[in-house]
>>> print(open('entry_21.cif').read())   # mmCIF, N, CA and C atoms and all ligand atoms
data_entry
loop_
_atom_site.label_atom_id
_atom_site.label_comp_id
_atom_site.auth_asym_id
_atom_site.auth_seq_id
_atom_site.Cartn_x
_atom_site.Cartn_y
_atom_site.Cartn_z
N MET A 235 187.73 81.74 180.97
CA MET A 235 186.32 82.07 180.92
C MET A 235 185.45 80.95 181.50
N THR A 236 185.86 79.70 181.21
CA THR A 236 185.00 78.59 181.61
C THR A 236 185.01 78.36 183.11
N ARG A 237 186.05 78.85 183.79
CA ARG A 237 186.07 78.60 185.23
C ARG A 237 185.36 79.70 186.01
N ARG A 238 184.90 80.73 185.31
CA ARG A 238 184.31 81.87 186.01
C ARG A 238 183.07 81.51 186.82
N PRO A 239 182.14 80.75 186.26
CA PRO A 239 180.92 80.47 187.04
C PRO A 239 181.23 79.82 188.38
N MET A 240 182.20 78.89 188.39
CA MET A 240 182.54 78.22 189.63
C MET A 240 183.17 79.20 190.61
N SER A 241 184.07 80.04 190.12
CA SER A 241 184.74 80.98 191.02
C SER A 241 183.74 81.99 191.58
N VAL A 242 182.76 82.35 190.78
CA VAL A 242 181.71 83.25 191.27
C VAL A 242 180.97 82.58 192.41
N PHE A 243 180.62 81.34 192.19
CA PHE A 243 179.85 80.60 193.19
C PHE A 243 180.64 80.47 194.48
N VAL A 244 181.90 80.06 194.37
CA VAL A 244 182.72 79.84 195.54
C VAL A 244 182.93 81.15 196.30
N ALA A 245 183.22 82.20 195.55
CA ALA A 245 183.46 83.50 196.20
C ALA A 245 182.20 84.01 196.88
N ALA A 246 181.08 83.85 196.20
CA ALA A 246 179.82 84.32 196.78
C ALA A 246 179.49 83.54 198.04
N LEU A 247 179.75 82.26 198.00
CA LEU A 247 179.50 81.41 199.15
C LEU A 247 180.37 81.82 200.32
N ALA A 248 181.64 82.10 200.02
CA ALA A 248 182.57 82.50 201.07
C ALA A 248 182.14 83.81 201.70
N LEU A 249 181.75 84.76 200.87
CA LEU A 249 181.34 86.06 201.37
C LEU A 249 180.06 85.94 202.17
N ALA A 250 179.13 85.12 201.66
CA ALA A 250 177.86 84.97 202.35
C ALA A 250 178.06 84.38 203.73
N SER A 251 179.01 83.44 203.82
CA SER A 251 179.22 82.81 205.11
C SER A 251 179.89 83.78 206.09
N MET A 252 180.62 84.76 205.56
CA MET A 252 181.28 85.72 206.42
C MET A 252 180.33 86.79 206.92
N THR A 253 179.40 87.19 206.09
CA THR A 253 178.63 88.38 206.40
C THR A 253 177.14 88.10 206.56
N GLY A 254 176.74 86.86 206.47
CA GLY A 254 175.34 86.54 206.68
C GLY A 254 174.44 87.18 205.64
N CYS A 255 173.36 87.76 206.08
CA CYS A 255 172.35 88.27 205.16
C CYS A 255 172.68 89.64 204.61
N ALA A 256 173.72 90.25 205.10
CA ALA A 256 173.99 91.64 204.73
C ALA A 256 174.18 91.80 203.23
N VAL A 257 174.82 90.81 202.61
CA VAL A 257 175.12 90.94 201.19
C VAL A 257 173.91 90.64 200.34
N TRP A 258 173.17 89.63 200.71
CA TRP A 258 172.15 89.12 199.81
C TRP A 258 170.75 89.67 200.07
N GLY A 259 170.55 90.24 201.23
CA GLY A 259 169.23 90.78 201.50
C GLY A 259 168.22 89.69 201.81
N THR A 260 166.97 90.05 201.68
CA THR A 260 165.90 89.16 202.14
C THR A 260 165.73 87.92 201.27
N GLU A 261 166.21 87.97 200.01
CA GLU A 261 166.03 86.80 199.16
C GLU A 261 166.96 85.66 199.57
N GLY A 262 168.01 85.95 200.32
CA GLY A 262 168.84 84.89 200.87
C GLY A 262 169.95 84.39 199.98
N GLY A 263 170.19 85.00 198.85
CA GLY A 263 171.31 84.62 197.99
C GLY A 263 171.08 83.31 197.27
N PRO A 264 172.18 82.72 196.75
CA PRO A 264 172.05 81.48 195.97
C PRO A 264 171.32 80.40 196.77
N GLY A 265 170.31 79.84 196.22
CA GLY A 265 169.58 78.79 196.91
C GLY A 265 168.57 79.32 197.90
N GLY A 266 168.50 80.63 198.02
CA GLY A 266 167.55 81.23 198.96
C GLY A 266 166.11 80.96 198.54
N ALA A 267 165.24 80.92 199.51
CA ALA A 267 163.85 80.53 199.24
C ALA A 267 163.15 81.48 198.29
N GLY A 268 163.40 82.78 198.47
CA GLY A 268 162.63 83.75 197.71
C GLY A 268 163.38 84.33 196.52
N ALA A 269 164.49 83.71 196.13
CA ALA A 269 165.32 84.29 195.08
C ALA A 269 164.56 84.37 193.76
N ALA A 270 164.56 85.55 193.18
CA ALA A 270 163.94 85.74 191.88
C ALA A 270 164.92 85.33 190.78
N THR A 271 164.41 85.21 189.58
CA THR A 271 165.27 84.94 188.44
C THR A 271 166.28 86.06 188.30
N PRO A 272 167.58 85.72 188.20
CA PRO A 272 168.59 86.77 188.10
C PRO A 272 168.32 87.67 186.90
N THR A 273 168.47 88.97 187.12
CA THR A 273 168.25 89.92 186.04
C THR A 273 169.55 90.50 185.51
N ALA A 274 170.63 90.32 186.27
CA ALA A 274 171.89 90.98 185.91
C ALA A 274 172.41 90.50 184.55
N THR A 275 172.17 89.25 184.22
CA THR A 275 172.73 88.73 182.98
C THR A 275 172.05 89.33 181.75
N ALA A 276 170.92 89.99 181.94
CA ALA A 276 170.21 90.57 180.81
C ALA A 276 170.98 91.71 180.18
N THR A 277 171.92 92.29 180.92
CA THR A 277 172.63 93.45 180.41
C THR A 277 174.10 93.16 180.15
N VAL A 278 174.45 91.91 180.01
CA VAL A 278 175.85 91.56 179.78
C VAL A 278 176.35 92.22 178.50
N ALA A 279 177.40 93.01 178.65
CA ALA A 279 177.99 93.70 177.51
C ALA A 279 179.25 92.98 177.07
N PRO A 280 179.60 93.08 175.80
CA PRO A 280 180.82 92.45 175.34
C PRO A 280 182.04 93.07 176.01
N SER A 281 183.05 92.27 176.22
CA SER A 281 184.25 92.76 176.88
C SER A 281 185.46 92.33 176.06
N PRO A 282 186.46 93.16 175.84
CA PRO A 282 186.54 94.53 176.34
C PRO A 282 185.64 95.48 175.54
N ALA A 283 185.26 96.56 176.22
CA ALA A 283 184.52 97.63 175.55
C ALA A 283 185.47 98.79 175.31
N ILE A 284 185.31 99.46 174.20
CA ILE A 284 186.16 100.61 173.88
C ILE A 284 185.34 101.88 174.09
N ALA A 285 185.87 102.75 174.94
CA ALA A 285 185.19 104.01 175.22
C ALA A 285 185.08 104.82 173.94
N THR A 286 183.91 105.44 173.76
CA THR A 286 183.64 106.21 172.54
C THR A 286 183.94 107.68 172.77
N LYS A 287 184.78 108.24 171.91
CA LYS A 287 185.15 109.65 172.07
C LYS A 287 184.09 110.56 171.46
N GLY A 288 183.58 111.49 172.28
CA GLY A 288 182.59 112.44 171.81
C GLY A 288 183.23 113.63 171.12
N SER A 289 182.38 114.50 170.59
CA SER A 289 182.88 115.69 169.90
C SER A 289 183.63 116.63 170.85
N ASP A 290 183.37 116.45 172.15
CA ASP A 290 184.08 117.26 173.15
C ASP A 290 185.41 116.65 173.57
N GLY A 291 185.75 115.52 172.94
CA GLY A 291 187.02 114.87 173.24
C GLY A 291 186.98 113.93 174.43
N VAL A 292 185.84 113.88 175.13
CA VAL A 292 185.71 113.00 176.29
C VAL A 292 185.33 111.59 175.82
N GLN A 293 186.03 110.60 176.35
CA GLN A 293 185.73 109.21 176.02
C GLN A 293 184.71 108.69 177.03
N ARG A 294 183.64 108.08 176.52
CA ARG A 294 182.56 107.63 177.41
C ARG A 294 182.25 106.16 177.21
N VAL A 295 181.88 105.54 178.32
CA VAL A 295 181.49 104.14 178.27
C VAL A 295 180.56 103.86 179.45
N GLU A 296 179.64 102.91 179.25
CA GLU A 296 178.75 102.52 180.35
C GLU A 296 179.09 101.10 180.77
N VAL A 297 179.11 100.90 182.07
CA VAL A 297 179.41 99.59 182.63
C VAL A 297 178.24 99.19 183.55
N ALA A 298 177.68 98.02 183.29
CA ALA A 298 176.60 97.51 184.14
C ALA A 298 177.21 96.77 185.33
N ILE A 299 176.65 97.04 186.51
CA ILE A 299 177.06 96.33 187.72
C ILE A 299 175.81 95.69 188.30
N GLY A 300 175.89 94.39 188.54
CA GLY A 300 174.68 93.68 188.90
C GLY A 300 174.84 92.77 190.10
N ASP A 301 173.78 92.00 190.32
CA ASP A 301 173.74 91.11 191.47
C ASP A 301 174.68 89.91 191.32
N ASP A 302 175.26 89.73 190.11
CA ASP A 302 176.23 88.65 189.94
C ASP A 302 177.62 89.07 190.44
N LEU A 303 177.72 90.29 190.97
CA LEU A 303 178.98 90.82 191.51
C LEU A 303 180.08 90.85 190.47
N ARG A 304 179.69 91.28 189.28
CA ARG A 304 180.66 91.44 188.19
C ARG A 304 180.37 92.75 187.47
N LEU A 305 181.38 93.23 186.73
CA LEU A 305 181.20 94.39 185.87
C LEU A 305 181.02 93.89 184.44
N HIS A 306 180.09 94.51 183.72
CA HIS A 306 179.84 94.14 182.32
C HIS A 306 179.88 95.40 181.45
N PRO A 307 180.92 95.60 180.68
CA PRO A 307 182.09 94.74 180.51
C PRO A 307 183.05 94.88 181.70
N ASP A 308 183.90 93.89 181.89
CA ASP A 308 184.86 93.99 182.99
C ASP A 308 186.20 94.58 182.53
N VAL A 309 186.34 94.77 181.22
CA VAL A 309 187.53 95.45 180.71
C VAL A 309 187.07 96.60 179.82
N VAL A 310 187.57 97.80 180.13
CA VAL A 310 187.28 98.99 179.33
C VAL A 310 188.60 99.49 178.75
N ARG A 311 188.59 99.76 177.46
CA ARG A 311 189.80 100.29 176.83
C ARG A 311 189.57 101.74 176.43
N ALA A 312 190.60 102.54 176.65
CA ALA A 312 190.54 103.95 176.31
C ALA A 312 191.96 104.41 176.03
N THR A 313 192.08 105.67 175.60
CA THR A 313 193.40 106.27 175.43
C THR A 313 193.56 107.38 176.44
N THR A 314 194.78 107.85 176.61
CA THR A 314 195.05 108.91 177.59
C THR A 314 194.17 110.12 177.30
N GLY A 315 193.74 110.75 178.37
CA GLY A 315 192.83 111.88 178.25
C GLY A 315 191.72 111.75 179.27
N THR A 316 190.61 112.38 179.01
CA THR A 316 189.49 112.37 179.94
C THR A 316 188.55 111.20 179.59
N ILE A 317 188.25 110.42 180.60
CA ILE A 317 187.42 109.23 180.42
C ILE A 317 186.26 109.30 181.41
N GLU A 318 185.06 109.11 180.89
CA GLU A 318 183.85 109.19 181.71
C GLU A 318 183.21 107.81 181.72
N ILE A 319 183.16 107.20 182.88
CA ILE A 319 182.58 105.87 183.00
C ILE A 319 181.30 105.96 183.83
N THR A 320 180.21 105.51 183.24
CA THR A 320 178.93 105.51 183.95
C THR A 320 178.64 104.08 184.42
N PHE A 321 178.55 103.93 185.73
CA PHE A 321 178.24 102.62 186.31
C PHE A 321 176.74 102.56 186.57
N ARG A 322 176.10 101.59 185.93
CA ARG A 322 174.65 101.42 186.05
C ARG A 322 174.36 100.17 186.85
N ASN A 323 173.74 100.34 188.00
CA ASN A 323 173.41 99.19 188.86
C ASN A 323 172.12 98.55 188.35
N THR A 324 172.27 97.38 187.74
CA THR A 324 171.12 96.70 187.13
C THR A 324 170.44 95.74 188.10
N GLY A 325 170.97 95.64 189.31
CA GLY A 325 170.37 94.73 190.28
C GLY A 325 169.82 95.48 191.48
N VAL A 326 169.81 94.80 192.62
CA VAL A 326 169.33 95.41 193.85
C VAL A 326 170.45 95.57 194.88
N THR A 327 171.56 94.87 194.67
CA THR A 327 172.68 94.92 195.60
C THR A 327 173.47 96.21 195.41
N PRO A 328 173.71 96.97 196.49
CA PRO A 328 174.52 98.18 196.35
C PRO A 328 175.98 97.85 196.00
N HIS A 329 176.62 98.75 195.28
CA HIS A 329 178.03 98.61 194.93
C HIS A 329 178.73 99.95 195.15
N ASP A 330 180.05 99.90 195.23
CA ASP A 330 180.86 101.10 195.39
C ASP A 330 182.14 100.91 194.57
N ILE A 331 182.07 101.36 193.33
CA ILE A 331 183.20 101.16 192.41
C ILE A 331 184.13 102.36 192.45
N SER A 332 185.41 102.09 192.54
CA SER A 332 186.39 103.17 192.38
C SER A 332 187.22 102.89 191.14
N VAL A 333 187.78 103.94 190.59
CA VAL A 333 188.70 103.80 189.47
C VAL A 333 190.07 104.18 190.02
N ASP A 334 190.98 103.20 190.07
CA ASP A 334 192.24 103.40 190.78
C ASP A 334 193.31 104.02 189.88
N THR A 335 192.92 105.16 189.31
CA THR A 335 193.91 105.97 188.63
C THR A 335 194.66 106.76 189.68
N VAL A 336 195.55 107.66 189.26
CA VAL A 336 196.28 108.50 190.21
C VAL A 336 195.86 109.94 189.99
N PRO A 337 195.13 110.57 190.92
CA PRO A 337 194.65 109.95 192.17
C PRO A 337 193.45 109.04 191.91
N GLU A 338 193.20 108.16 192.86
CA GLU A 338 192.06 107.25 192.79
C GLU A 338 190.76 108.06 192.89
N VAL A 339 189.77 107.63 192.13
CA VAL A 339 188.47 108.29 192.19
C VAL A 339 187.44 107.27 192.66
N ASP A 340 186.83 107.55 193.82
CA ASP A 340 185.84 106.65 194.39
C ASP A 340 184.44 107.15 194.04
N GLY A 341 183.66 106.27 193.43
CA GLY A 341 182.32 106.67 193.01
C GLY A 341 181.33 106.76 194.16
N GLY A 342 181.62 106.09 195.26
CA GLY A 342 180.67 106.08 196.36
C GLY A 342 179.59 105.03 196.15
N ASN A 343 178.69 104.95 197.12
CA ASN A 343 177.64 103.93 197.09
C ASN A 343 176.66 104.16 195.94
N VAL A 344 176.36 103.06 195.23
CA VAL A 344 175.36 103.10 194.16
C VAL A 344 174.32 102.02 194.45
N ASN A 345 173.12 102.45 194.80
CA ASN A 345 172.05 101.50 195.11
C ASN A 345 171.48 100.89 193.84
N GLY A 346 170.71 99.82 194.01
CA GLY A 346 170.07 99.18 192.88
C GLY A 346 169.25 100.16 192.06
N GLY A 347 169.37 100.08 190.73
CA GLY A 347 168.62 100.93 189.84
C GLY A 347 169.23 102.31 189.62
N GLN A 348 170.29 102.62 190.35
CA GLN A 348 170.90 103.95 190.21
C GLN A 348 172.11 103.90 189.29
N THR A 349 172.55 105.06 188.85
CA THR A 349 173.78 105.16 188.08
C THR A 349 174.71 106.16 188.75
N ARG A 350 175.99 106.00 188.49
CA ARG A 350 176.99 106.94 189.00
C ARG A 350 178.05 107.11 187.93
N THR A 351 178.36 108.34 187.61
CA THR A 351 179.36 108.61 186.58
C THR A 351 180.66 109.09 187.23
N ILE A 352 181.75 108.44 186.86
CA ILE A 352 183.07 108.81 187.35
C ILE A 352 183.87 109.36 186.17
N THR A 353 184.46 110.52 186.38
CA THR A 353 185.31 111.12 185.35
C THR A 353 186.75 111.11 185.84
N VAL A 354 187.63 110.55 185.02
CA VAL A 354 189.05 110.54 185.35
C VAL A 354 189.84 111.13 184.18
N THR A 355 190.93 111.75 184.52
CA THR A 355 191.86 112.22 183.48
C THR A 355 193.15 111.44 183.66
N VAL A 356 193.47 110.65 182.65
CA VAL A 356 194.63 109.76 182.73
C VAL A 356 195.71 110.26 181.78
N THR A 357 196.88 110.52 182.33
CA THR A 357 198.00 110.98 181.50
C THR A 357 199.01 109.88 181.23
N GLN A 358 199.02 108.85 182.08
CA GLN A 358 199.97 107.76 181.93
C GLN A 358 199.27 106.51 181.42
N PRO A 359 199.69 105.99 180.26
CA PRO A 359 199.14 104.71 179.82
C PRO A 359 199.38 103.64 180.88
N GLY A 360 198.44 102.73 181.00
CA GLY A 360 198.60 101.69 182.01
C GLY A 360 197.31 100.94 182.23
N THR A 361 197.36 100.04 183.19
CA THR A 361 196.20 99.22 183.54
C THR A 361 195.76 99.60 184.95
N TYR A 362 194.55 100.06 185.06
CA TYR A 362 194.06 100.59 186.33
C TYR A 362 192.87 99.76 186.82
N PRO A 363 192.95 99.23 188.05
CA PRO A 363 191.85 98.41 188.58
C PRO A 363 190.61 99.27 188.86
N MET A 364 189.46 98.62 188.74
CA MET A 364 188.18 99.25 189.11
C MET A 364 187.47 98.29 190.08
N PRO A 365 187.89 98.29 191.35
CA PRO A 365 187.29 97.37 192.31
C PRO A 365 186.01 97.91 192.93
N CYS A 366 185.15 96.98 193.36
CA CYS A 366 184.01 97.34 194.19
C CYS A 366 184.45 97.20 195.64
N ALA A 367 184.30 98.27 196.40
CA ALA A 367 184.75 98.26 197.79
C ALA A 367 184.04 97.18 198.61
N TYR A 368 182.80 96.86 198.22
CA TYR A 368 182.02 95.89 198.99
C TYR A 368 182.34 94.45 198.59
N HIS A 369 182.64 94.23 197.31
CA HIS A 369 182.67 92.86 196.79
C HIS A 369 183.98 92.49 196.11
N VAL A 370 185.04 93.26 196.34
CA VAL A 370 186.30 92.94 195.66
C VAL A 370 186.83 91.56 196.08
N THR A 371 186.52 91.17 197.32
CA THR A 371 186.98 89.85 197.78
C THR A 371 186.21 88.73 197.08
N SER A 372 185.09 89.06 196.45
CA SER A 372 184.35 88.08 195.64
C SER A 372 184.75 88.18 194.17
N GLY A 373 185.76 88.96 193.90
CA GLY A 373 186.25 89.08 192.54
C GLY A 373 185.55 90.16 191.73
N MET A 374 184.83 91.06 192.42
CA MET A 374 184.14 92.12 191.67
C MET A 374 185.13 93.25 191.43
N GLN A 375 185.80 93.14 190.30
CA GLN A 375 186.79 94.15 189.92
C GLN A 375 186.90 94.19 188.41
N GLY A 376 186.85 95.38 187.87
CA GLY A 376 187.07 95.56 186.44
C GLY A 376 188.44 96.16 186.21
N THR A 377 188.76 96.36 184.93
CA THR A 377 190.05 96.90 184.56
C THR A 377 189.88 97.99 183.52
N LEU A 378 190.54 99.10 183.73
CA LEU A 378 190.60 100.16 182.74
C LEU A 378 191.98 100.12 182.09
N GLU A 379 191.99 99.82 180.82
CA GLU A 379 193.25 99.72 180.07
C GLU A 379 193.41 100.97 179.22
N VAL A 380 194.45 101.73 179.54
CA VAL A 380 194.66 103.00 178.86
C VAL A 380 195.94 102.94 178.04
N SER A 381 195.80 103.21 176.76
CA SER A 381 196.97 103.28 175.89
C SER A 381 197.22 104.73 175.50
N ALA A 382 198.37 104.98 174.92
CA ALA A 382 198.73 106.36 174.57
C ALA A 382 197.86 106.85 173.42
N ALA A 383 197.38 108.08 173.58
CA ALA A 383 196.60 108.70 172.50
C ALA A 383 197.56 109.08 171.36
N ASN A 384 197.05 109.02 170.14
CA ASN A 384 197.89 109.36 168.99
C ASN A 384 198.05 110.87 168.88
CU CU B 401 179.78 95.38 194.43
#
>>> encode(input="entry_21.cif", output="structure tokens")
Amino acid sequence: MTRRPMSVFVAALALASMTGCAVWGTEGGPGGAGAATPTATATVAPSPAIATKGSDGVQRVEVAIGDDLRLHPDVVRATTGTIEITFRNTGVTPHDISVDTVPEVDGGNVNGGQTRTITVTVTQPGTYPMPCAYHVTSGMQGTLEVSAAN
């Protein structure tokens, strides 16, 4: 946990140097002249989060995705069955989270302030990555941990 801030910084720096302004927009990223106070940390959720099963049997959980290029929580626990994950973009940077179950479900582009709900049905217990197509090289990836339902 303690090494995360440094790895975030290094990864963000590496990505910024590769892609220029495309990732960070007009504020210019870390150290940029017009950078506002980060808002993504305001919605940090405890991790792991356990999906809550509704009366319809569907397990639901919300995951915040922000300008820090992380998922909050970054670990979601559920049991086999239908799982509904709502990704809420709390920043301005677009993200594209997929849930790499079998078959993989790609949520598509989610702009700042938008939400996208992905529904997966998992029959095999296991650990399934939830990478952001845009920022996985910066470490933006969550994990869906599925155990056997009783
Ligand atoms: Cu992203």
>>> residues_near_ligand(input="entry_21.cif", ligand="ligand CU 401 (chain B)", cutoff="5 Å", atoms="all atoms listed in the file", output="list in words")
Pro328, His329, Asp330, Cys366, Tyr368 and His369 of chain A
>>> atom_distance(input="entry_21.cif", atom1="atom N of Gly342 of chain A", atom2="atom C of Gly360 of chain A")
21.0 Å
>>> residues_around(input="entry_21.cif", residues="segment 281-291 of chain A", least_positions_apart="4", cutoff="6.5 Å", atoms="only N, CA and C atoms", output="PDB file with N, CA and C atoms, in the frame of the given file")
ATOM      1  N   VAL A 295     181.880 105.540 178.320  1.00  0.00           N
ATOM      2  CA  VAL A 295     181.490 104.140 178.270  1.00  0.00           C
ATOM      3  C   VAL A 295     180.560 103.860 179.450  1.00  0.00           C
ATOM      4  N   PRO A 307     180.920  95.600 180.680  1.00  0.00           N
ATOM      5  CA  PRO A 307     182.090  94.740 180.510  1.00  0.00           C
ATOM      6  C   PRO A 307     183.050  94.880 181.700  1.00  0.00           C
ATOM      7  N   ASP A 308     183.900  93.890 181.890  1.00  0.00           N
ATOM      8  CA  ASP A 308     184.860  93.990 182.990  1.00  0.00           C
ATOM      9  C   ASP A 308     186.200  94.580 182.530  1.00  0.00           C
ATOM     10  N   VAL A 309     186.340  94.770 181.220  1.00  0.00           N
ATOM     11  CA  VAL A 309     187.530  95.450 180.710  1.00  0.00           C
ATOM     12  C   VAL A 309     187.070  96.600 179.820  1.00  0.00           C
ATOM     13  N   VAL A 310     187.570  97.800 180.130  1.00  0.00           N
ATOM     14  CA  VAL A 310     187.280  98.990 179.330  1.00  0.00           C
ATOM     15  C   VAL A 310     188.600  99.490 178.750  1.00  0.00           C
ATOM     16  N   ARG A 311     188.590  99.760 177.460  1.00  0.00           N
ATOM     17  CA  ARG A 311     189.800 100.290 176.830  1.00  0.00           C
ATOM     18  C   ARG A 311     189.570 101.740 176.430  1.00  0.00           C
ATOM     19  N   ALA A 312     190.600 102.540 176.650  1.00  0.00           N
ATOM     20  CA  ALA A 312     190.540 103.950 176.310  1.00  0.00           C
ATOM     21  C   ALA A 312     191.960 104.410 176.030  1.00  0.00           C
ATOM     22  N   THR A 316     190.610 112.380 179.010  1.00  0.00           N
ATOM     23  CA  THR A 316     189.490 112.370 179.940  1.00  0.00           C
ATOM     24  C   THR A 316     188.550 111.200 179.590  1.00  0.00           C
TER      25      THR A 316
END
>>> atom_distance(input="entry_21.cif", atom1="atom CA of Ile317 of chain A", atom2="atom CA of Gln293 of chain A")
4.7 Å
>>> residues_around(input="entry_21.cif", residues="Val333 of chain A", least_positions_apart="4", cutoff="6 Å", atoms="only N, CA and C atoms", output="ChimeraX atom specification")
/A:338-341,363-365
>>> atom_distance(input="entry_21.cif", atom1="atom CA of Val356 of chain A", atom2="atom C of Arg322 of chain A")
22.8 Å
>>> closest_residue(input="entry_21.cif", among="A:Val370, A:Val354, A:Ala382, A:Val297", to="Asn323 of chain A", atoms="all atoms listed in the file")
A:Val297
